[in-house]
>>> print(open('upload10.cif').read())   # mmCIF, C-alpha atoms and all ligand atoms
data_upload
loop_
_atom_site.label_atom_id
_atom_site.label_comp_id
_atom_site.auth_asym_id
_atom_site.auth_seq_id
_atom_site.Cartn_x
_atom_site.Cartn_y
_atom_site.Cartn_z
CA MET C 1 234.46 227.99 130.87
CA PRO C 2 232.92 230.19 128.13
CA VAL C 3 229.18 229.92 127.58
CA ARG C 4 227.80 228.41 124.37
CA PRO C 5 224.26 228.45 122.90
CA VAL C 6 222.21 225.34 123.71
CA GLY C 7 221.82 224.52 120.01
CA GLU C 8 225.59 224.39 119.56
CA VAL C 9 225.99 221.98 122.48
CA VAL C 10 223.12 219.57 121.74
CA GLY C 11 223.66 219.53 117.96
CA ALA C 12 221.21 219.63 115.06
CA PRO C 13 217.64 218.74 116.05
CA GLY C 14 216.06 215.44 115.02
CA ALA C 15 212.66 213.96 115.92
CA GLU C 16 213.75 213.51 119.48
CA ARG C 17 213.79 214.65 123.04
CA VAL C 18 217.01 215.82 124.65
CA LEU C 19 217.71 215.82 128.37
CA LEU C 20 220.33 218.50 129.02
CA HIS C 21 221.57 218.13 132.59
CA ALA C 22 223.91 220.23 134.71
CA GLU C 23 225.04 220.82 138.27
CA VAL C 24 222.87 223.96 138.32
CA VAL C 25 219.91 224.67 136.03
CA TYR C 26 218.29 228.09 135.96
CA ASP C 27 215.50 229.28 133.67
CA GLY C 28 215.36 232.76 135.22
CA ILE C 29 212.18 231.94 137.15
CA GLY C 30 212.39 231.39 140.90
CA LEU C 31 215.61 229.88 142.20
CA PRO C 32 218.17 227.87 140.23
CA ARG C 33 217.86 224.10 140.79
CA PRO C 34 220.67 221.77 141.83
CA ASP C 35 221.41 218.62 139.80
CA ALA C 36 218.56 219.33 137.40
CA ALA C 37 217.83 218.90 133.73
CA VAL C 38 216.18 220.76 130.89
CA LEU C 39 213.90 218.61 128.77
CA LEU C 40 214.06 219.82 125.17
CA GLN C 41 211.70 218.89 122.38
CA ALA C 42 212.72 219.12 118.71
CA ARG C 43 210.19 221.12 116.73
CA GLU C 44 210.18 223.31 113.60
CA GLY C 45 213.91 223.00 113.05
CA GLY C 46 214.86 223.99 116.60
CA TYR C 47 214.69 222.93 120.21
CA TRP C 48 211.94 224.07 122.56
CA LEU C 49 211.86 224.00 126.30
CA SER C 50 209.47 221.32 127.48
CA ASP C 51 210.29 221.35 131.20
CA VAL C 52 212.91 221.95 133.89
CA ARG C 53 213.03 219.11 136.38
CA ASP C 54 215.00 216.93 138.71
CA HIS C 55 217.62 215.12 136.62
CA ALA C 56 217.28 211.52 137.84
CA ALA C 57 213.45 211.45 137.90
CA THR C 58 213.18 212.97 134.43
CA ALA C 59 215.67 210.50 133.01
CA ARG C 60 213.48 207.67 134.35
CA THR C 61 210.29 209.23 132.93
CA PHE C 62 211.80 209.84 129.49
CA PRO C 63 214.25 206.96 128.96
CA GLU C 64 214.27 207.59 125.21
CA ALA C 65 215.55 211.16 125.64
CA ARG C 66 219.14 211.68 124.52
CA ALA C 67 221.24 212.73 127.53
CA VAL C 68 223.62 215.65 127.06
CA ASP C 69 226.00 216.80 129.79
CA GLY C 70 225.73 220.56 130.29
CA GLY C 71 228.64 220.69 132.76
CA PHE C 72 228.41 223.24 135.55
CA ALA C 73 225.31 225.20 134.54
CA VAL C 74 222.55 225.90 132.03
CA SER C 75 221.05 229.39 132.31
CA PRO C 76 219.88 232.50 130.45
CA PRO C 77 222.78 234.66 129.16
CA VAL C 78 225.40 235.66 131.74
CA VAL C 79 226.42 239.29 132.23
CA ASN C 80 229.86 240.85 132.62
CA ALA C 81 228.61 243.78 134.70
CA HIS C 82 231.94 245.57 135.12
CA THR C 83 234.91 245.88 132.81
CA HIS C 84 237.14 248.47 131.13
CA LEU C 85 237.41 247.32 127.51
CA ASP C 86 239.81 250.14 126.59
CA LEU C 87 242.39 248.59 128.97
CA SER C 88 242.39 245.30 127.05
CA ASP C 89 246.03 245.76 125.95
CA MET C 90 247.25 246.20 129.51
CA ALA C 91 249.33 243.26 130.75
CA PHE C 92 247.78 241.36 133.65
CA GLU C 93 249.89 241.53 136.77
CA ALA C 94 249.15 240.83 140.40
CA SER C 95 250.31 243.94 142.28
CA PRO C 96 249.21 246.03 145.25
CA TYR C 97 246.31 248.41 144.54
CA ALA C 98 248.39 251.61 144.71
CA ALA C 99 250.97 250.19 142.25
CA PHE C 100 248.13 249.08 139.97
CA MET C 101 246.68 252.59 139.82
CA GLU C 102 250.13 253.91 138.85
CA ARG C 103 250.32 251.26 136.10
CA VAL C 104 246.89 252.28 134.74
CA ILE C 105 247.96 255.94 134.59
CA ALA C 106 251.27 255.07 132.91
CA HIS C 107 249.53 252.76 130.40
CA GLY C 108 247.12 255.55 129.47
CA ARG C 109 249.92 258.14 129.11
CA ALA C 110 251.81 255.73 126.85
CA GLY C 111 248.77 255.64 124.53
CA GLY C 112 247.74 252.10 125.41
CA ARG C 113 244.05 252.90 125.97
CA GLY C 114 241.57 253.55 123.20
CA LEU C 115 239.58 252.09 120.35
CA ALA C 116 242.09 249.48 119.16
CA ALA C 117 242.33 247.99 122.67
CA ALA C 118 238.54 248.14 123.08
CA GLU C 119 238.08 246.28 119.78
CA ARG C 120 240.21 243.46 121.16
CA GLY C 121 238.18 243.49 124.36
CA ILE C 122 234.86 243.37 122.47
CA ALA C 123 236.13 240.44 120.38
CA GLU C 124 237.23 238.63 123.53
CA LEU C 125 233.87 239.16 125.25
CA LYS C 126 232.07 237.69 122.26
CA ARG C 127 234.50 234.75 122.14
CA HIS C 128 233.44 233.96 125.70
CA GLY C 129 229.80 234.01 124.56
CA VAL C 130 228.96 237.23 126.46
CA THR C 131 226.98 240.06 124.83
CA VAL C 132 225.55 241.80 127.92
CA VAL C 133 228.16 244.11 129.40
CA GLY C 134 228.71 247.03 131.75
CA ASP C 135 231.75 248.90 130.43
CA ILE C 136 233.52 251.97 131.82
CA VAL C 137 234.37 254.25 128.88
CA THR C 138 236.98 257.02 128.68
CA ASP C 139 237.16 257.61 124.90
CA PRO C 140 234.29 259.00 122.77
CA ALA C 141 235.31 256.71 119.89
CA VAL C 142 234.88 253.66 122.14
CA MET C 143 231.49 254.95 123.30
CA ARG C 144 230.29 255.33 119.70
CA ARG C 145 231.67 251.87 118.83
CA LEU C 146 229.73 250.24 121.70
CA LEU C 147 226.52 252.11 120.90
CA GLU C 148 226.54 250.91 117.30
CA ASP C 149 227.43 247.26 117.96
CA PRO C 150 224.48 245.15 116.74
CA ASP C 151 225.23 242.22 119.07
CA LEU C 152 225.87 243.99 122.37
CA THR C 153 223.51 245.27 125.02
CA GLY C 154 224.03 246.66 128.52
CA VAL C 155 225.48 249.98 129.62
CA ALA C 156 228.51 252.01 128.51
CA TYR C 157 229.27 254.28 131.48
CA TRP C 158 231.06 257.54 130.66
CA GLU C 159 233.79 257.93 133.29
CA VAL C 160 234.22 261.24 135.09
CA ILE C 161 237.25 262.09 137.24
CA GLY C 162 237.69 265.53 138.82
CA LEU C 163 239.82 265.92 141.89
CA ARG C 164 239.34 269.62 142.61
CA ASP C 165 236.20 271.50 143.59
CA GLU C 166 237.21 274.52 141.52
CA GLU C 167 236.93 272.50 138.31
CA ALA C 168 233.65 270.78 139.32
CA ASP C 169 231.32 272.93 137.24
CA GLU C 170 233.52 272.74 134.16
CA ARG C 171 233.80 268.94 134.44
CA PHE C 172 230.08 268.63 134.99
CA GLU C 173 229.19 270.70 131.92
CA GLU C 174 231.68 268.76 129.82
CA ALA C 175 230.17 265.43 130.93
CA ARG C 176 226.64 266.72 130.31
CA ARG C 177 227.50 267.87 126.78
CA LEU C 178 229.27 264.61 125.86
CA VAL C 179 226.60 262.33 127.35
CA ALA C 180 223.81 264.23 125.56
CA GLY C 181 225.62 263.61 122.26
CA PHE C 182 226.13 259.92 123.05
CA ARG C 183 222.50 259.42 124.04
CA ALA C 184 221.37 260.60 120.62
CA LEU C 185 223.13 257.48 119.26
CA GLU C 186 221.31 254.96 121.49
CA ARG C 187 219.32 252.30 119.66
CA PRO C 188 216.38 250.25 121.02
CA GLY C 189 217.76 246.99 122.42
CA GLY C 190 221.35 248.18 122.07
CA VAL C 191 223.84 249.48 124.61
CA ARG C 192 222.62 252.40 126.77
CA VAL C 193 224.67 255.36 127.93
CA GLY C 194 225.42 255.60 131.63
CA LEU C 195 227.62 257.68 133.88
CA SER C 196 230.48 256.63 136.14
CA PRO C 197 231.89 259.04 138.69
CA HIS C 198 235.14 257.07 139.11
CA THR C 199 235.36 256.68 142.92
CA PRO C 200 234.27 258.66 146.01
CA HIS C 201 237.89 259.89 146.36
CA THR C 202 238.73 260.82 142.74
CA VAL C 203 235.63 262.96 142.22
CA ALA C 204 235.37 266.15 144.29
CA PRO C 205 232.22 266.22 146.47
CA ARG C 206 230.48 269.02 144.59
CA LEU C 207 231.00 267.27 141.24
CA LEU C 208 229.89 263.93 142.69
CA GLN C 209 226.67 265.46 144.01
CA ARG C 210 225.91 267.22 140.72
CA LEU C 211 226.54 264.07 138.67
CA ALA C 212 224.40 261.86 140.91
CA ALA C 213 221.52 264.35 141.02
CA TRP C 214 221.61 264.74 137.26
CA ALA C 215 221.73 260.95 136.67
CA ARG C 216 218.73 260.56 138.95
CA VAL C 217 216.66 263.17 137.12
CA GLU C 218 217.65 261.89 133.68
CA GLY C 219 217.30 258.19 134.53
CA LEU C 220 220.94 257.61 133.58
CA PRO C 221 222.45 254.34 134.87
CA LEU C 222 225.17 255.13 137.39
CA ALA C 223 228.18 253.01 138.47
CA ILE C 224 230.88 253.86 141.03
CA HIS C 225 233.95 251.93 142.26
CA VAL C 226 233.65 251.88 146.06
CA ALA C 227 235.45 250.23 149.00
CA GLU C 228 237.78 248.31 146.67
CA SER C 229 241.02 248.73 148.65
CA PRO C 230 241.49 248.97 152.43
CA LEU C 231 243.34 252.23 151.61
CA GLU C 232 239.94 253.90 151.10
CA ASN C 233 238.99 253.35 154.73
CA ASP C 234 242.46 254.49 155.84
CA PHE C 235 241.91 257.72 153.93
CA HIS C 236 238.28 258.41 154.81
CA LEU C 237 238.32 257.32 158.43
CA HIS C 238 241.84 258.31 159.48
CA GLY C 239 243.27 260.60 156.76
CA ARG C 240 246.39 258.46 156.35
CA GLY C 241 247.96 255.86 154.07
CA ALA C 242 249.10 255.69 150.45
CA LEU C 243 245.80 256.98 149.07
CA ALA C 244 245.83 260.00 151.40
CA GLU C 245 249.39 260.81 150.25
CA TRP C 246 248.51 260.35 146.57
CA LEU C 247 245.44 262.63 146.81
CA ALA C 248 247.42 265.29 148.69
CA ALA C 249 250.13 265.20 145.98
CA PHE C 250 247.48 265.88 143.33
CA GLY C 251 245.90 268.72 145.32
CA ALA C 252 242.58 266.90 145.63
CA SER C 253 239.63 268.66 147.29
CA VAL C 254 238.31 265.41 148.76
CA ALA C 255 238.98 265.54 152.48
CA PRO C 256 238.87 262.60 154.91
CA SER C 257 235.21 262.38 155.86
CA GLY C 258 235.57 260.55 159.18
CA VAL C 259 233.08 257.95 157.95
CA SER C 260 233.33 254.95 155.60
CA PRO C 261 233.29 255.56 151.82
CA VAL C 262 229.77 254.09 151.64
CA ARG C 263 228.50 256.29 154.45
CA TYR C 264 230.18 259.26 152.74
CA LEU C 265 228.15 258.52 149.57
CA TYR C 266 225.01 258.25 151.67
CA ASP C 267 225.73 261.57 153.42
CA LEU C 268 226.27 263.30 150.05
CA GLY C 269 222.91 261.98 148.80
CA VAL C 270 224.59 259.89 146.09
CA LEU C 271 222.95 256.62 147.21
CA GLU C 272 219.54 258.18 146.52
CA ALA C 273 220.30 257.60 142.82
CA ALA C 274 220.69 253.84 143.60
CA PRO C 275 224.05 253.59 141.81
CA THR C 276 225.53 250.22 140.92
CA LEU C 277 228.45 249.85 143.35
CA VAL C 278 231.55 248.06 142.09
CA HIS C 279 233.85 245.96 144.36
CA MET C 280 232.46 246.81 147.83
CA VAL C 281 234.99 244.55 149.56
CA ASN C 282 236.00 246.61 152.59
CA VAL C 283 232.60 247.31 154.09
CA SER C 284 230.91 247.09 157.49
CA GLU C 285 227.47 245.69 158.21
CA GLU C 286 226.21 249.26 158.58
CA ASP C 287 227.48 249.99 155.04
CA VAL C 288 225.63 246.94 153.70
CA ARG C 289 222.44 248.09 155.45
CA LEU C 290 222.69 251.47 153.71
CA VAL C 291 223.19 249.76 150.35
CA ALA C 292 220.23 247.44 150.95
CA ARG C 293 218.04 250.41 151.80
CA ALA C 294 219.18 252.29 148.67
CA GLY C 295 218.37 249.29 146.46
CA SER C 296 221.81 249.41 144.82
CA VAL C 297 223.26 246.34 143.11
CA VAL C 298 226.84 245.39 144.04
CA VAL C 299 229.28 244.05 141.43
CA HIS C 300 231.71 241.40 142.67
CA CYS C 301 235.08 241.07 140.84
CA PRO C 302 236.83 238.34 142.87
CA ARG C 303 239.86 237.73 140.64
CA SER C 304 240.72 241.42 140.47
CA ASN C 305 240.30 241.80 144.24
CA ALA C 306 242.67 238.85 144.81
CA ALA C 307 245.25 240.13 142.28
CA LEU C 308 245.36 243.60 143.84
CA GLY C 309 245.39 242.34 147.44
CA CYS C 310 242.11 244.10 148.25
CA GLY C 311 240.69 241.45 150.58
CA THR C 312 237.72 239.09 150.48
CA PHE C 313 234.23 240.16 149.48
CA PRO C 314 231.79 239.51 152.36
CA TRP C 315 229.36 237.36 150.34
CA GLN C 316 227.35 236.22 153.38
CA LEU C 317 226.82 239.76 154.64
CA TYR C 318 225.20 240.78 151.35
CA ALA C 319 223.10 237.60 151.35
CA LYS C 320 221.97 238.32 154.92
CA HIS C 321 220.70 241.77 153.89
CA SER C 322 219.24 240.56 150.54
CA VAL C 323 221.49 242.83 148.47
CA GLU C 324 221.51 241.91 144.78
CA VAL C 325 225.03 240.91 143.67
CA ALA C 326 226.36 240.71 140.10
CA PHE C 327 229.71 239.63 138.65
CA GLY C 328 232.28 241.54 136.61
CA THR C 329 235.79 240.75 135.42
CA ASP C 330 237.17 244.29 135.77
CA SER C 331 239.90 245.11 133.20
CA ARG C 332 242.56 242.90 131.65
CA GLY C 333 245.06 244.82 133.79
CA SER C 334 243.79 243.12 136.97
CA SER C 335 242.15 240.01 135.51
CA PRO C 336 243.69 237.34 133.25
CA ASP C 337 240.71 237.35 130.86
CA LEU C 338 237.19 238.74 130.37
CA ASP C 339 235.35 235.45 130.98
CA VAL C 340 232.78 236.22 133.68
CA THR C 341 232.05 232.52 134.31
CA ARG C 342 235.63 232.27 135.58
CA GLU C 343 234.74 234.95 138.13
CA VAL C 344 231.96 232.68 139.32
CA ALA C 345 234.42 229.77 139.55
CA ALA C 346 236.85 232.00 141.48
CA ALA C 347 234.07 233.08 143.85
CA ARG C 348 233.11 229.47 144.41
CA GLU C 349 236.69 228.68 145.37
CA ALA C 350 237.15 231.80 147.51
CA HIS C 351 233.87 231.61 149.43
CA GLY C 352 233.52 227.82 149.65
CA GLU C 353 230.49 226.83 151.68
CA ARG C 354 229.75 230.45 152.52
CA ALA C 355 228.29 230.91 149.01
CA ASN C 356 225.68 228.60 147.55
CA VAL C 357 226.53 227.69 143.92
CA ARG C 358 222.95 228.32 142.88
CA ALA C 359 223.16 231.85 144.29
CA LEU C 360 226.40 232.36 142.33
CA VAL C 361 224.68 231.38 139.06
CA ARG C 362 221.70 233.58 139.84
CA ALA C 363 224.04 236.52 140.50
CA ALA C 364 225.80 236.11 137.13
CA VAL C 365 222.43 236.16 135.34
CA LYS C 366 219.74 237.99 137.28
CA GLY C 367 222.07 240.15 139.36
CA GLY C 368 224.00 241.13 136.22
CA HIS C 369 220.89 242.26 134.39
CA ARG C 370 219.68 244.18 137.45
CA ALA C 371 223.08 245.89 137.83
CA LEU C 372 222.62 247.28 134.32
CA GLY C 373 218.96 248.19 134.75
CA LEU C 374 217.81 245.46 132.36
CA MET C 375 214.87 243.08 132.80
CA PRO C 376 216.28 239.70 133.87
CA PRO C 377 215.44 237.14 131.16
CA GLN C 378 213.13 234.18 131.75
CA VAL C 379 212.80 231.09 129.56
CA ARG C 380 209.32 229.66 129.89
CA ARG C 381 207.97 226.26 128.94
CA GLY C 382 207.17 226.30 125.24
CA GLY C 383 209.86 228.93 124.65
CA GLY C 384 212.83 228.47 122.34
CA ALA C 385 215.94 226.88 123.82
CA ASP C 386 217.97 229.70 122.20
CA GLY C 387 217.26 231.72 125.35
CA LEU C 388 219.57 229.41 127.32
CA VAL C 389 223.34 229.02 127.33
CA VAL C 390 225.52 226.17 128.55
CA TRP C 391 228.52 226.91 130.80
CA CYS C 392 231.14 224.53 129.48
ZN ZN L 1 236.92 248.86 137.48
#
>>> encode(input="upload10.cif", output="structure tokens")
Amino acid sequence: MPVRPVGEVVGAPGAERVLLHAEVVYDGIGLPRPDAAVLLQAREGGYWLSDVRDHAATARTFPEARAVDGGFAVSPPVVNAHTHLDLSDMAFEASPYAAFMERVIAHGRAGGRGLAAAERGIAELKRHGVTVVGDIVTDPAVMRRLLEDPDLTGVAYWEVIGLRDEEADERFEEARRLVAGFRALERPGGVRVGLSPHTPHTVAPRLLQRLAAWARVEGLPLAIHVAESPLENDFHLHGRGALAEWLAAFGASVAPSGVSPVRYLYDLGVLEAAPTLVHMVNVSEEDVRLVARAGSVVVHCPRSNAALGCGTFPWQLYAKHSVEVAFGTDSRGSSPDLDVTREVAAAREAHGERANVRALVRAAVKGGHRALGLMPPQVRRGGGADGLVVWC
């Protein structure tokens, strides 16, 4: 279900009105509407938004308008708020989380990550009609490539991993030097540079605190994978399980905290930087309260969570506490493609009646922009229809 520009779906304009209807219609203002329609007016060689209304009533009022089926949804551009484009050559495979992490490491050691893979990922994103992206970057060449792309916007987060406290200062200085160089390449309206401490367990506490404090002072967008696998709670709360063994084998400084990974971030002061939190599947209501208070946006990657056996995202709990949720595909290693509208379809199937379809569409648009620190787009009456896409 890639998204396509409205003009491509309704065809060349004539002296006519078009009634573009869909299961959900969202102009970015207020709430998305169910079974609604966008009334378009042909003018000056293009289509302009005349109104957004109830489908049946508008069809009766404008019987001469040409009806076009917009399928599931019509909305402003959707956002893929979390992916790893440099893993686009990794074969998709459903496997337990611990085995997946081993596969990622092996794929990287075999030279599978890098610019060539990212190029394929960028091309795939654009094929799906998506140009707003949150990407985790591990290669300076990929960072430069994203910053110079004329069609993309969003955030390229420089990933930092550092398991041992003794290397914290060195890792921090290295990240600071690299990010300063990348930021000099930012262009107005283009991709921004952000920072991604990988997870609460793969970044030693001192490094995590320094990175978060620096991001806060510099206004750098921050994204962290948190509470993805149940193994994280096993490690933090009880000091046991596959993750605990893996970290011990690598001589990691991160010790079991006795609290949840989210509470651990709160205790370290990391949530004060309002980081975008990716996955957030294995959380308690207390965790969600902390996230709501911090004003963080949560990125939901339902297909990846299912493929890695991570559990089910508590959609209703986030809705109850008014936490902004966005969608991301994660990498091609844990997702069959980079089409974020398929994440929405997967969420609809997984959550059923627990998630309102209009809230799902809003999350893919408004939540996605918020996750990346961008102004959510609005398409007002009298505005060009180019600001809308059709999910079909
Ligand atoms: Zn990820």
>>> residues_near_ligand(input="upload10.cif", ligand="ligand ZN 1 (chain L)", cutoff="7 Å", atoms="all atoms listed in the file", output="PyMOL selection string")
chain C and resi 82-84+225+330-331
>>> closest_residue(input="upload10.cif", among="C:Pro230, C:Pro197, C:Gly219, C:Gly108", to="Gly309 in chain C", atoms="only C-alpha atoms")
C:Pro230
>>> residues_around(input="upload10.cif", residues="His128 in chain C", least_positions_apart="6", cutoff="12 Å", atoms="all atoms listed in the file", output="list in words")
Met1, Pro2, Val3, Arg4, Pro5, Pro77, Val78, Val79, Asn80, Gly121, Ile122, Asp337, Leu338, Asp339, Val340, Thr341, Arg342, Val389, Val390, Trp391 and Cys392 of chain C
>>> closest_residue(input="upload10.cif", among="C:Asp287, C:Asp149, C:Asp51, C:Glu16", to="Ala123 in chain C", atoms="all atoms listed in the file")
C:Asp149
>>> residues_around(input="upload10.cif", residues="Gly382 in chain C", least_positions_apart="6", cutoff="7 Å", atoms="only C-alpha atoms", output="PyMOL selection string")
chain C and resi 48-50
>>> decode(input="upload10.cif", residues="range 134-145 of chain C", atoms="N, CA, C and O atoms", output="mmCIF file, in the first residue's frame")
data_model
loop_
_atom_site.group_PDB
_atom_site.id
_atom_site.type_symbol
_atom_site.label_atom_id
_atom_site.label_comp_id
_atom_site.auth_asym_id
_atom_site.auth_seq_id
_atom_site.Cartn_x
_atom_site.Cartn_y
_atom_site.Cartn_z
ATOM 1 N N GLY C 134 13.253 8.879 9.669
ATOM 2 C CA GLY C 134 14.174 8.880 10.798
ATOM 3 C C GLY C 134 15.084 7.681 10.607
ATOM 4 O O GLY C 134 14.625 6.537 10.704
ATOM 5 N N ASP C 135 16.361 7.920 10.303
ATOM 6 C CA ASP C 135 17.274 6.815 9.998
ATOM 7 C C ASP C 135 18.398 6.761 11.028
ATOM 8 O O ASP C 135 18.945 7.794 11.415
ATOM 9 N N ILE C 136 18.755 5.556 11.437
ATOM 10 C CA ILE C 136 19.897 5.361 12.337
ATOM 11 C C ILE C 136 21.116 5.113 11.448
ATOM 12 O O ILE C 136 21.099 4.205 10.609
ATOM 13 N N VAL C 137 22.166 5.913 11.644
ATOM 14 C CA VAL C 137 23.313 5.907 10.725
ATOM 15 C C VAL C 137 24.578 5.464 11.454
ATOM 16 O O VAL C 137 24.868 5.929 12.560
ATOM 17 N N THR C 138 25.344 4.579 10.789
ATOM 18 C CA THR C 138 26.589 4.088 11.400
ATOM 19 C C THR C 138 27.809 4.358 10.519
ATOM 20 O O THR C 138 28.915 3.966 10.880
ATOM 21 N N ASP C 139 27.604 4.993 9.356
ATOM 22 C CA ASP C 139 28.684 5.181 8.391
ATOM 23 C C ASP C 139 28.681 6.656 7.950
ATOM 24 O O ASP C 139 27.649 7.155 7.484
ATOM 25 N N PRO C 140 29.823 7.355 8.110
ATOM 26 C CA PRO C 140 29.848 8.781 7.720
ATOM 27 C C PRO C 140 29.431 9.011 6.269
ATOM 28 O O PRO C 140 28.799 10.022 5.954
ATOM 29 N N ALA C 141 29.739 8.071 5.379
ATOM 30 C CA ALA C 141 29.366 8.240 3.967
ATOM 31 C C ALA C 141 27.850 8.235 3.813
ATOM 32 O O ALA C 141 27.288 8.982 3.002
ATOM 33 N N VAL C 142 27.166 7.402 4.606
ATOM 34 C CA VAL C 142 25.698 7.352 4.544
ATOM 35 C C VAL C 142 25.122 8.654 5.105
ATOM 36 O O VAL C 142 24.171 9.220 4.567
ATOM 37 N N MET C 143 25.739 9.149 6.187
ATOM 38 C CA MET C 143 25.277 10.414 6.766
ATOM 39 C C MET C 143 25.370 11.531 5.718
ATOM 40 O O MET C 143 24.410 12.282 5.499
ATOM 41 N N ARG C 144 26.509 11.631 5.064
ATOM 42 C CA ARG C 144 26.682 12.699 4.054
ATOM 43 C C ARG C 144 25.680 12.521 2.916
ATOM 44 O O ARG C 144 25.109 13.487 2.416
ATOM 45 N N ARG C 145 25.454 11.279 2.510
ATOM 46 C CA ARG C 145 24.503 10.985 1.420
ATOM 47 C C ARG C 145 23.091 11.463 1.787
ATOM 48 O O ARG C 145 22.393 12.068 0.980
#
